[in-house]
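Data from my_file12.txt: compact mmCIF, C-alpha atoms and all ligand atoms
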```
# COMPACT_ATOMS: atom_id res chain seq x y z
CA MET A 174 -0.73 9.58 -68.82
CA ASP A 175 -0.55 8.72 -65.13
CA TYR A 176 2.99 7.83 -64.16
CA LYS A 177 3.64 5.44 -61.27
CA CYS A 178 6.11 8.00 -60.01
CA ILE A 179 7.44 11.37 -61.12
CA ILE A 180 10.98 12.27 -60.12
CA VAL A 181 11.55 16.00 -59.92
CA GLY A 182 15.27 16.59 -60.43
CA GLY A 183 17.50 14.53 -62.70
CA GLY A 184 20.80 15.09 -60.88
CA ILE A 185 22.71 12.44 -58.99
CA ALA A 186 19.92 11.37 -56.59
CA GLY A 187 17.15 11.54 -59.21
CA LEU A 188 19.13 9.54 -61.77
CA GLN A 189 20.10 6.81 -59.32
CA ALA A 190 16.44 6.51 -58.28
CA ALA A 191 15.39 6.42 -61.95
CA ILE A 192 17.81 3.57 -62.71
CA GLN A 193 16.50 1.55 -59.75
CA LEU A 194 12.84 2.20 -60.65
CA GLY A 195 13.60 1.33 -64.28
CA ARG A 196 14.86 -2.06 -63.14
CA TYR A 197 11.43 -2.64 -61.53
CA MET A 198 9.99 -1.77 -64.98
CA HIS A 199 7.75 1.00 -63.66
CA GLN A 200 6.43 3.83 -65.81
CA VAL A 201 8.41 6.77 -64.46
CA LEU A 202 9.06 10.32 -65.67
CA VAL A 203 12.05 12.45 -64.66
CA ILE A 204 11.54 16.20 -65.00
CA ASP A 205 14.80 18.12 -64.80
CA SER A 206 15.72 21.77 -65.28
CA GLU A 207 19.44 21.00 -65.85
CA ASP A 208 20.78 23.68 -63.54
CA GLY A 209 21.94 21.76 -60.49
CA ARG A 210 25.26 21.32 -58.71
CA SER A 211 26.09 18.21 -60.72
CA SER A 212 25.90 20.34 -63.89
CA ILE A 213 28.55 22.78 -62.66
CA CYS A 214 31.13 20.54 -60.94
CA HIS A 215 33.84 19.56 -63.43
CA SER A 216 35.46 16.97 -61.19
CA TYR A 217 34.48 14.92 -58.15
CA HIS A 218 37.47 13.43 -56.38
CA ASN A 219 36.05 11.21 -53.63
CA ILE A 220 33.90 8.75 -55.57
CA LEU A 221 34.58 5.02 -55.39
CA GLY A 222 35.73 3.81 -58.82
CA TYR A 223 37.07 7.19 -59.99
CA PRO A 224 40.49 7.76 -58.36
CA ASP A 225 41.36 10.39 -60.97
CA GLY A 226 38.07 12.25 -60.60
CA VAL A 227 34.87 12.28 -62.63
CA SER A 228 32.76 15.21 -63.79
CA GLY A 229 29.15 15.80 -62.85
CA GLN A 230 28.30 16.19 -66.52
CA PHE A 231 29.71 12.74 -67.31
CA LEU A 232 27.76 11.09 -64.45
CA ARG A 233 24.61 12.86 -65.61
CA GLU A 234 25.04 11.76 -69.22
CA ILE A 235 25.75 8.10 -68.48
CA GLY A 236 23.08 8.05 -65.76
CA LYS A 237 20.44 9.36 -68.17
CA LYS A 238 21.43 6.90 -70.91
CA HIS A 239 21.32 4.03 -68.39
CA ALA A 240 17.84 5.01 -67.17
CA GLU A 241 16.53 5.54 -70.73
CA LYS A 242 17.70 2.05 -71.64
CA LEU A 243 15.44 0.81 -68.84
CA GLY A 244 12.43 2.70 -70.24
CA ILE A 245 12.50 5.80 -68.03
CA GLU A 246 11.18 8.95 -69.71
CA PHE A 247 12.82 12.37 -69.39
CA LEU A 248 11.54 15.91 -69.82
CA THR A 249 13.70 19.05 -69.69
CA ASP A 250 11.55 21.58 -67.87
CA LYS A 251 11.05 23.06 -64.42
CA VAL A 252 8.22 21.97 -62.12
CA GLU A 253 6.64 25.15 -60.80
CA THR A 254 3.62 23.77 -58.95
CA VAL A 255 2.73 20.55 -57.23
CA LYS A 256 -0.63 19.99 -55.54
CA LYS A 257 -2.40 17.16 -53.80
CA ALA A 258 -5.13 15.76 -56.05
CA ASP A 259 -7.94 13.23 -55.39
CA GLU A 260 -5.65 10.28 -55.94
CA GLY A 261 -2.09 11.46 -55.72
CA PHE A 262 -0.57 14.63 -57.09
CA TYR A 263 -0.89 17.12 -59.91
CA LEU A 264 2.23 18.82 -61.30
CA GLU A 265 2.58 21.80 -63.59
CA THR A 266 5.77 22.89 -65.33
CA ALA A 267 7.14 26.28 -66.36
CA ARG A 268 6.36 25.50 -70.02
CA GLY A 269 2.75 24.61 -69.19
CA SER A 270 2.84 20.79 -69.23
CA THR A 271 0.70 19.05 -66.61
CA PHE A 272 1.03 15.58 -65.12
CA SER A 273 -0.72 13.34 -62.61
CA THR A 274 0.93 10.73 -60.50
CA LYS A 275 0.40 8.82 -57.27
CA ARG A 276 3.99 9.31 -56.11
CA VAL A 277 6.54 12.09 -56.25
CA LEU A 278 10.24 11.91 -55.50
CA LEU A 279 11.77 15.32 -54.86
CA ALA A 280 15.47 15.34 -55.77
CA THR A 281 15.82 19.04 -56.45
CA GLY A 282 19.15 19.67 -54.70
CA VAL A 283 20.83 22.83 -53.47
CA MET A 284 22.54 25.64 -55.41
CA ASP A 285 25.59 27.42 -54.11
CA ARG A 286 25.83 31.19 -54.07
CA ILE A 287 28.69 31.54 -56.54
CA PRO A 288 29.73 35.09 -57.45
CA PRO A 289 29.23 35.96 -61.12
CA PHE A 290 32.89 36.04 -62.21
CA PRO A 291 32.91 34.15 -65.54
CA GLU A 292 36.50 32.87 -65.04
CA LEU A 293 35.37 31.00 -61.90
CA ARG A 294 32.99 28.56 -63.65
CA PRO A 295 35.52 26.42 -65.57
CA CYS A 296 37.57 26.06 -62.35
CA LEU A 297 34.73 24.58 -60.24
CA GLY A 298 35.75 21.17 -58.93
CA ILE A 299 39.18 21.41 -60.57
CA SER A 300 40.95 24.28 -58.81
CA VAL A 301 38.11 26.11 -57.03
CA TYR A 302 35.85 24.32 -54.58
CA VAL A 303 32.84 24.82 -52.31
CA CYS A 304 32.83 21.85 -49.92
CA PRO A 305 35.74 21.14 -47.55
CA ASP A 306 34.56 17.59 -46.79
CA CYS A 307 34.71 16.89 -50.54
CA ASP A 308 37.77 18.88 -51.52
CA GLY A 309 39.75 20.01 -48.46
CA TYR A 310 42.33 17.41 -49.47
CA GLU A 311 42.78 19.15 -52.84
CA VAL A 312 44.31 22.23 -51.14
CA LYS A 313 46.80 20.29 -49.00
CA ASP A 314 49.90 22.50 -48.52
CA LYS A 315 48.77 24.80 -51.37
CA LYS A 316 48.33 28.56 -51.22
CA THR A 317 44.56 28.87 -51.07
CA ILE A 318 42.38 31.95 -51.42
CA ILE A 319 38.99 31.91 -49.72
CA ILE A 320 36.58 34.12 -51.67
CA GLY A 321 33.70 34.81 -49.37
CA SER A 322 31.65 36.93 -47.10
CA GLY A 323 31.74 37.72 -43.37
CA ARG A 324 31.71 34.90 -40.85
CA THR A 325 30.96 32.22 -43.47
CA GLY A 326 34.37 32.93 -44.98
CA VAL A 327 35.98 32.87 -41.53
CA GLY A 328 34.40 29.46 -40.85
CA MET A 329 35.75 28.10 -44.15
CA THR A 330 39.21 29.54 -43.41
CA LYS A 331 39.29 27.82 -40.01
CA THR A 332 38.17 24.52 -41.56
CA LEU A 333 40.78 24.66 -44.34
CA SER A 334 43.59 25.43 -41.89
CA TYR A 335 43.52 21.67 -41.19
CA TRP A 336 44.97 21.06 -44.71
CA THR A 337 47.08 24.15 -45.42
CA LYS A 338 48.72 26.98 -43.50
CA GLU A 339 48.99 29.21 -46.59
CA LEU A 340 45.64 30.93 -46.50
CA VAL A 341 44.29 34.25 -47.71
CA TYR A 342 40.73 35.27 -46.89
CA ILE A 343 39.16 37.91 -49.17
CA ASN A 344 35.96 39.24 -47.62
CA HIS A 345 34.53 40.35 -50.97
CA GLU A 346 31.23 41.62 -49.58
CA GLN A 347 32.97 43.29 -46.61
CA GLU A 348 30.43 41.89 -44.16
CA PRO A 349 31.83 42.73 -40.71
CA ILE A 350 33.54 39.95 -38.77
CA LYS A 351 33.98 39.69 -35.00
CA GLU A 352 37.12 41.01 -33.31
CA SER A 353 37.78 37.48 -31.93
CA ASP A 354 37.74 36.13 -35.51
CA GLN A 355 40.10 38.87 -36.65
CA GLN A 356 42.41 37.87 -33.79
CA TRP A 357 42.18 34.20 -34.86
CA LEU A 358 43.18 35.15 -38.41
CA ARG A 359 46.15 37.17 -37.10
CA ASP A 360 47.20 34.36 -34.70
CA HIS A 361 47.16 31.85 -37.57
CA ARG A 362 48.98 34.17 -40.01
CA VAL A 363 46.05 34.26 -42.44
CA GLU A 364 46.21 37.24 -44.78
CA TYR A 365 42.84 38.97 -44.34
CA ILE A 366 41.66 41.36 -47.06
CA GLU A 367 38.38 43.28 -46.75
CA SER A 368 38.00 44.50 -50.31
CA PRO A 369 35.84 43.83 -53.39
CA ILE A 370 37.10 41.61 -56.19
CA GLU A 371 37.36 42.95 -59.75
CA LYS A 372 38.22 39.71 -61.54
CA VAL A 373 39.17 36.08 -60.96
CA LEU A 374 42.50 35.24 -62.58
CA ALA A 375 42.52 31.84 -64.28
CA THR A 376 43.80 30.07 -67.35
CA ASP A 377 41.04 27.73 -68.49
CA SER A 378 40.30 25.58 -65.42
CA ARG A 379 43.47 26.59 -63.54
CA PHE A 380 42.84 29.17 -60.83
CA GLU A 381 45.72 31.64 -60.50
CA GLY A 382 44.50 34.30 -58.11
CA ILE A 383 42.42 37.42 -57.72
CA LEU A 384 42.57 40.96 -59.01
CA LEU A 385 41.10 43.31 -56.42
CA LYS A 386 39.14 46.44 -57.40
CA SER A 387 42.07 48.39 -55.91
CA GLY A 388 44.29 46.97 -58.69
CA GLU A 389 46.26 44.72 -56.32
CA LYS A 390 46.85 41.12 -57.51
CA ILE A 391 46.70 38.24 -55.01
CA ILE A 392 48.31 35.09 -56.37
CA GLY A 393 47.10 31.65 -55.25
CA GLN A 394 47.05 28.03 -56.40
CA ARG A 395 43.57 27.06 -55.25
CA GLY A 396 40.31 28.87 -54.46
CA PHE A 397 37.39 28.16 -52.15
CA VAL A 398 34.02 29.91 -52.36
CA ALA A 399 32.26 30.63 -49.04
CA PHE A 400 29.42 33.12 -49.24
CA GLY A 401 26.67 31.30 -47.36
CA GLY A 402 23.04 31.76 -48.31
CA ASN A 403 22.94 28.72 -50.60
CA GLU A 404 19.52 28.03 -52.11
CA VAL A 405 17.95 24.87 -50.71
CA ARG A 406 15.48 23.91 -53.42
CA SER A 407 12.62 22.80 -51.22
CA GLN A 408 9.96 25.18 -52.58
CA LEU A 409 7.87 22.29 -53.99
CA ALA A 410 8.11 20.47 -50.66
CA LYS A 411 6.74 23.57 -48.98
CA GLN A 412 3.80 23.64 -51.41
CA LEU A 413 2.96 20.08 -50.34
CA GLY A 414 3.27 20.73 -46.60
CA VAL A 415 6.42 18.62 -46.19
CA GLU A 416 8.16 19.17 -42.88
CA LEU A 417 11.27 21.33 -43.32
CA LEU A 418 14.08 22.17 -40.94
CA GLU A 419 14.82 25.81 -40.13
CA ASN A 420 17.57 25.70 -42.79
CA LYS A 421 14.93 24.60 -45.37
CA HIS A 422 16.29 21.07 -45.81
CA MET A 423 13.65 18.35 -45.86
CA LEU A 424 13.06 15.78 -43.16
CA VAL A 425 12.55 12.18 -44.26
CA ASP A 426 12.12 8.81 -42.63
CA PRO A 427 15.70 7.49 -42.36
CA ARG A 428 14.77 4.07 -43.73
CA SER A 429 12.26 4.72 -46.51
CA LYS A 430 13.18 8.36 -47.39
CA MET A 431 9.44 9.16 -47.37
CA THR A 432 8.48 12.57 -46.02
CA ASN A 433 5.66 13.25 -43.56
CA VAL A 434 3.33 13.58 -46.60
CA PRO A 435 2.33 10.09 -47.78
CA GLY A 436 3.32 9.54 -51.40
CA VAL A 437 6.14 12.12 -51.31
CA TRP A 438 9.75 10.95 -51.03
CA ALA A 439 12.96 13.00 -51.07
CA ALA A 440 16.61 12.25 -51.78
CA GLY A 441 19.91 14.02 -52.28
CA ASP A 442 21.20 17.40 -51.12
CA VAL A 443 17.71 18.79 -50.51
CA VAL A 444 17.44 16.35 -47.58
CA ALA A 445 19.27 17.14 -44.33
CA HIS A 446 22.70 15.48 -44.62
CA SER A 447 26.29 16.22 -45.60
CA GLU A 448 25.67 17.00 -49.31
CA GLN A 449 27.79 14.43 -51.12
CA VAL A 450 27.42 12.55 -54.41
CA THR A 451 27.65 9.10 -52.85
CA ILE A 452 25.02 9.94 -50.24
CA ALA A 453 22.73 11.36 -52.96
CA MET A 454 23.13 8.11 -54.90
CA GLY A 455 22.42 5.99 -51.83
CA GLU A 456 19.34 7.97 -50.93
CA GLY A 457 18.05 7.86 -54.51
CA SER A 458 18.38 4.10 -54.54
CA GLN A 459 16.80 3.67 -51.12
CA ALA A 460 13.86 5.93 -51.95
CA ALA A 461 13.28 3.93 -55.16
CA ILE A 462 13.20 0.63 -53.27
CA TRP A 463 10.49 1.97 -50.97
CA ILE A 464 8.57 3.57 -53.81
CA HIS A 465 8.53 0.12 -55.46
CA LYS A 466 7.20 -1.45 -52.24
CA ASP A 467 4.43 1.16 -52.21
CA ILE A 468 3.53 0.42 -55.84
CA LEU A 469 3.39 -3.31 -55.08
CA ASN A 470 1.24 -2.74 -51.99
CA ASP A 471 -1.16 -0.82 -54.16
CA GLU A 472 -1.34 -3.32 -56.97
CA LEU A 473 -1.06 -6.79 -55.48
C1 LIG B 1 31.82 22.97 -57.23
C2 LIG B 1 31.26 21.76 -56.55
C3 LIG B 1 32.10 20.72 -56.20
C4 LIG B 1 31.61 19.59 -55.57
N1 LIG B 1 32.47 18.58 -55.26
C5 LIG B 1 32.01 17.46 -54.72
C6 LIG B 1 32.89 16.34 -54.50
O1 LIG B 1 34.08 16.41 -54.80
N2 LIG B 1 32.36 15.24 -53.94
C7 LIG B 1 31.03 15.12 -53.60
O2 LIG B 1 30.62 14.10 -53.10
N3 LIG B 1 30.18 16.15 -53.83
C8 LIG B 1 30.63 17.31 -54.37
N4 LIG B 1 29.76 18.35 -54.62
C9 LIG B 1 28.34 18.21 -54.23
C10 LIG B 1 27.54 17.37 -55.25
O3 LIG B 1 27.54 18.01 -56.51
C11 LIG B 1 26.12 17.19 -54.73
O4 LIG B 1 26.17 16.52 -53.48
C12 LIG B 1 25.25 16.38 -55.71
O5 LIG B 1 25.16 17.02 -56.95
C13 LIG B 1 23.85 16.18 -55.10
O6 LIG B 1 23.01 15.56 -56.02
P1 LIG B 1 21.45 15.95 -56.08
O7 LIG B 1 20.85 15.01 -57.04
O8 LIG B 1 20.89 16.07 -54.71
O9 LIG B 1 21.43 17.44 -56.65
P2 LIG B 1 21.86 17.99 -58.09
O10 LIG B 1 22.95 17.21 -58.66
O11 LIG B 1 22.07 19.47 -57.87
O12 LIG B 1 20.56 17.77 -58.97
C14 LIG B 1 19.34 18.41 -58.70
C15 LIG B 1 18.61 18.55 -60.03
O13 LIG B 1 17.28 19.00 -59.78
C16 LIG B 1 16.92 19.92 -60.80
N5 LIG B 1 15.81 20.75 -60.28
C17 LIG B 1 15.80 21.54 -59.18
N6 LIG B 1 14.57 22.09 -59.00
C18 LIG B 1 13.79 21.62 -60.03
C19 LIG B 1 12.43 21.82 -60.41
N7 LIG B 1 11.60 22.60 -59.72
N8 LIG B 1 11.97 21.19 -61.55
C20 LIG B 1 12.80 20.37 -62.27
N9 LIG B 1 14.10 20.15 -61.95
C21 LIG B 1 14.58 20.76 -60.83
C22 LIG B 1 18.21 20.70 -61.07
O14 LIG B 1 18.20 21.29 -62.34
C23 LIG B 1 19.25 19.58 -60.96
O15 LIG B 1 19.54 18.99 -62.21
C24 LIG B 1 30.22 19.51 -55.25
C25 LIG B 1 29.36 20.54 -55.61
C26 LIG B 1 29.86 21.66 -56.26
C27 LIG B 1 28.93 22.78 -56.66
```
In structure tokens, what does this structure look like?
Amino acid sequence: MDYKCIIVGGGIAGLQAAIQLGRYMHQVLVIDSEDGRSSICHSYHNILGYPDGVSGQFLREIGKKHAEKLGIEFLTDKVETVKKADEGFYLETARGSTFSTKRVLLATGVMDRIPPFPELRPCLGISVYVCPDCDGYEVKDKKTIIIGSGRTGVGMTKTLSYWTKELVYINHEQEPIKESDQQWLRDHRVEYIESPIEKVLATDSRFEGILLKSGEKIIGQRGFVAFGGNEVRSQLAKQLGVELLENKHMLVDPRSKMTNVPGVWAAGDVVAHSEQVTIAMGEGSQAAIWIHKDILNDEL
């Protein structure tokens, strides 16, 4: 079956686009591998309508149900290949399914480099964070431990000093930092520890501190992860020849969200912007409106 549009990525941007395209009654498929940021964040705190926070999982579930009610189809799989075809695009998934479509919306997101301490996962979005614009407010006047690497961790420490003066920076990977940064940490009374972590201390979703490999315990109320090297999931865009920035985020037309490749749109964190839920929603919606215009142009 030829879909009017295939949305790759059923996170926040992809779901919002699916709902909008469903309301135009177009035949649309969402292919999603269910391993994005919205699957791991247990609470968003800065979303209009949710003053007490809302989980990514909840938004994903209600978003999918909403889109399905409008006739949108879903497939759990990972798109491995996308190619230009005679009229549109040809997609192939990891499980061997193939699809043709005239339009593709890439909403594949970004994935943070989160160290593999199992106790960290339940805390994400509740007492351990990744994004200061989203969650800096959550550490206000709280003892906060930055778990990170090299200068990325220093940058996060500087940013968070706006909200709290009680900061500890654990340079887990012991990547060297500049003398001027070390001086900054001393001047601002930040405890700086260059030592590997053995274990994250937490009770359920409540972060309590860090046990270092040396056996020393560092107690804290909140955690922030800052390793750098996040994965920008623009590999499919690259296959299609979409223009990427040096940091691998995609460039789109600010109005229509279409890329430089006709028939390919992009929305959400994979596009160059400040990586927020509300922006991902807005972009998903906007891309869908322009995809609809393109379908109408084709058919009327
Ligand atoms: C711990 C944490 C806390 C956060 N807190 C906040 C907050 O408080 N406020 C806020 O605004 N934002 C917050 N964010 C950021 C927010 O989660 C993202 O901005 C949002 O999820 C972006 O939506 P998206 O649709 O672009 O990407 P995602 O939600 O990551 O969705 C992308 C989807 O694409 C799928 N995918 C990727 N590649 C493929 C492929 N090849 N084939 C098929 N599917 C694919 C993935 O499985 C995923 O489901 C936080 C993020 C994290 C990790």
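Atom CA of Lys331 of chain A lies 27.1 Å from atom CA of Pro291 of chain A.
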Counting all atoms listed in the file, which residues of segment 263-361 of chain A fall within 8 Å of segment 182-195 of chain A, and what is the closest atom pair for each with its distance in Å at one decimal, ordered by chain and rising number, as a Markdown table?
```
| residue | atom | partner | partner_atom | distance |
| --- | --- | --- | --- | --- |
| A:Leu278 | CA | A:Gly187 | CA | 7.9 |
| A:Leu279 | CA | A:Gly182 | CA | 6.7 |
| A:Ala280 | CA | A:Gly182 | CA | 4.8 |
| A:Thr281 | CA | A:Gly182 | CA | 4.7 |
| A:Gly282 | CA | A:Gly182 | CA | 7.6 |
```
Using all atoms listed in the file, which residues have at least one atom no more than 7 Å from ligand LIG 1 (chain B)? Output them as an mmCIF file with C-alpha atoms, keeping the file's coordinate frame.
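So the final result, stored in part-v1.cif, reads:
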```cif
data_model
loop_
_atom_site.group_PDB
_atom_site.id
_atom_site.type_symbol
_atom_site.label_atom_id
_atom_site.label_comp_id
_atom_site.auth_asym_id
_atom_site.auth_seq_id
_atom_site.Cartn_x
_atom_site.Cartn_y
_atom_site.Cartn_z
ATOM 1 C CA VAL A 181 11.550 16.000 -59.920
ATOM 2 C CA GLY A 182 15.270 16.590 -60.430
ATOM 3 C CA GLY A 183 17.500 14.530 -62.700
ATOM 4 C CA GLY A 184 20.800 15.090 -60.880
ATOM 5 C CA ILE A 185 22.710 12.440 -58.990
ATOM 6 C CA ALA A 186 19.920 11.370 -56.590
ATOM 7 C CA GLY A 187 17.150 11.540 -59.210
ATOM 8 C CA ILE A 204 11.540 16.200 -65.000
ATOM 9 C CA ASP A 205 14.800 18.120 -64.800
ATOM 10 C CA SER A 206 15.720 21.770 -65.280
ATOM 11 C CA GLU A 207 19.440 21.000 -65.850
ATOM 12 C CA ASP A 208 20.780 23.680 -63.540
ATOM 13 C CA GLY A 209 21.940 21.760 -60.490
ATOM 14 C CA ARG A 210 25.260 21.320 -58.710
ATOM 15 C CA SER A 211 26.090 18.210 -60.720
ATOM 16 C CA SER A 212 25.900 20.340 -63.890
ATOM 17 C CA ILE A 213 28.550 22.780 -62.660
ATOM 18 C CA CYS A 214 31.130 20.540 -60.940
ATOM 19 C CA SER A 216 35.460 16.970 -61.190
ATOM 20 C CA TYR A 217 34.480 14.920 -58.150
ATOM 21 C CA HIS A 218 37.470 13.430 -56.380
ATOM 22 C CA ASN A 219 36.050 11.210 -53.630
ATOM 23 C CA ILE A 220 33.900 8.750 -55.570
ATOM 24 C CA GLY A 229 29.150 15.800 -62.850
ATOM 25 C CA ASP A 250 11.550 21.580 -67.870
ATOM 26 C CA LYS A 251 11.050 23.060 -64.420
ATOM 27 C CA VAL A 252 8.220 21.970 -62.120
ATOM 28 C CA GLU A 253 6.640 25.150 -60.800
ATOM 29 C CA ALA A 280 15.470 15.340 -55.770
ATOM 30 C CA THR A 281 15.820 19.040 -56.450
ATOM 31 C CA GLY A 282 19.150 19.670 -54.700
ATOM 32 C CA VAL A 283 20.830 22.830 -53.470
ATOM 33 C CA MET A 284 22.540 25.640 -55.410
ATOM 34 C CA ASP A 285 25.590 27.420 -54.110
ATOM 35 C CA LEU A 297 34.730 24.580 -60.240
ATOM 36 C CA GLY A 298 35.750 21.170 -58.930
ATOM 37 C CA TYR A 302 35.850 24.320 -54.580
ATOM 38 C CA VAL A 303 32.840 24.820 -52.310
ATOM 39 C CA CYS A 304 32.830 21.850 -49.920
ATOM 40 C CA CYS A 307 34.710 16.890 -50.540
ATOM 41 C CA ASP A 308 37.770 18.880 -51.520
ATOM 42 C CA ARG A 406 15.480 23.910 -53.420
ATOM 43 C CA LEU A 409 7.870 22.290 -53.990
ATOM 44 C CA ALA A 440 16.610 12.250 -51.780
ATOM 45 C CA GLY A 441 19.910 14.020 -52.280
ATOM 46 C CA ASP A 442 21.200 17.400 -51.120
ATOM 47 C CA VAL A 443 17.710 18.790 -50.510
ATOM 48 C CA GLU A 448 25.670 17.000 -49.310
ATOM 49 C CA GLN A 449 27.790 14.430 -51.120
ATOM 50 C CA VAL A 450 27.420 12.550 -54.410
ATOM 51 C CA THR A 451 27.650 9.100 -52.850
ATOM 52 C CA ALA A 453 22.730 11.360 -52.960
#
```
Considering only C-alpha atoms, give me a table of residues in segment 262-312 of chain A that are at most 12 Å from segment 338-346 of chain A, with the closest atom pair and distance in Å for each, as JSON lines.
```
{"residue": "A:Ile287", "atom": "CA", "partner": "A:His345", "partner_atom": "CA", "distance": 11.9}
{"residue": "A:Pro288", "atom": "CA", "partner": "A:His345", "partner_atom": "CA", "distance": 9.6}
{"residue": "A:Val312", "atom": "CA", "partner": "A:Glu339", "partner_atom": "CA", "distance": 9.6}
```
Selection: 8 Å around Phe397 of chain A, all atoms listed in the file, excl. self and same-chain fewer than 3 positions, as a PyMOL selection string:
chain A and resi 301-303+317-320
Take atom CA of Glu371 of chain A and atom CA of Tyr335 of chain A and report the distance between them in Å, one decimal.
28.9 Å
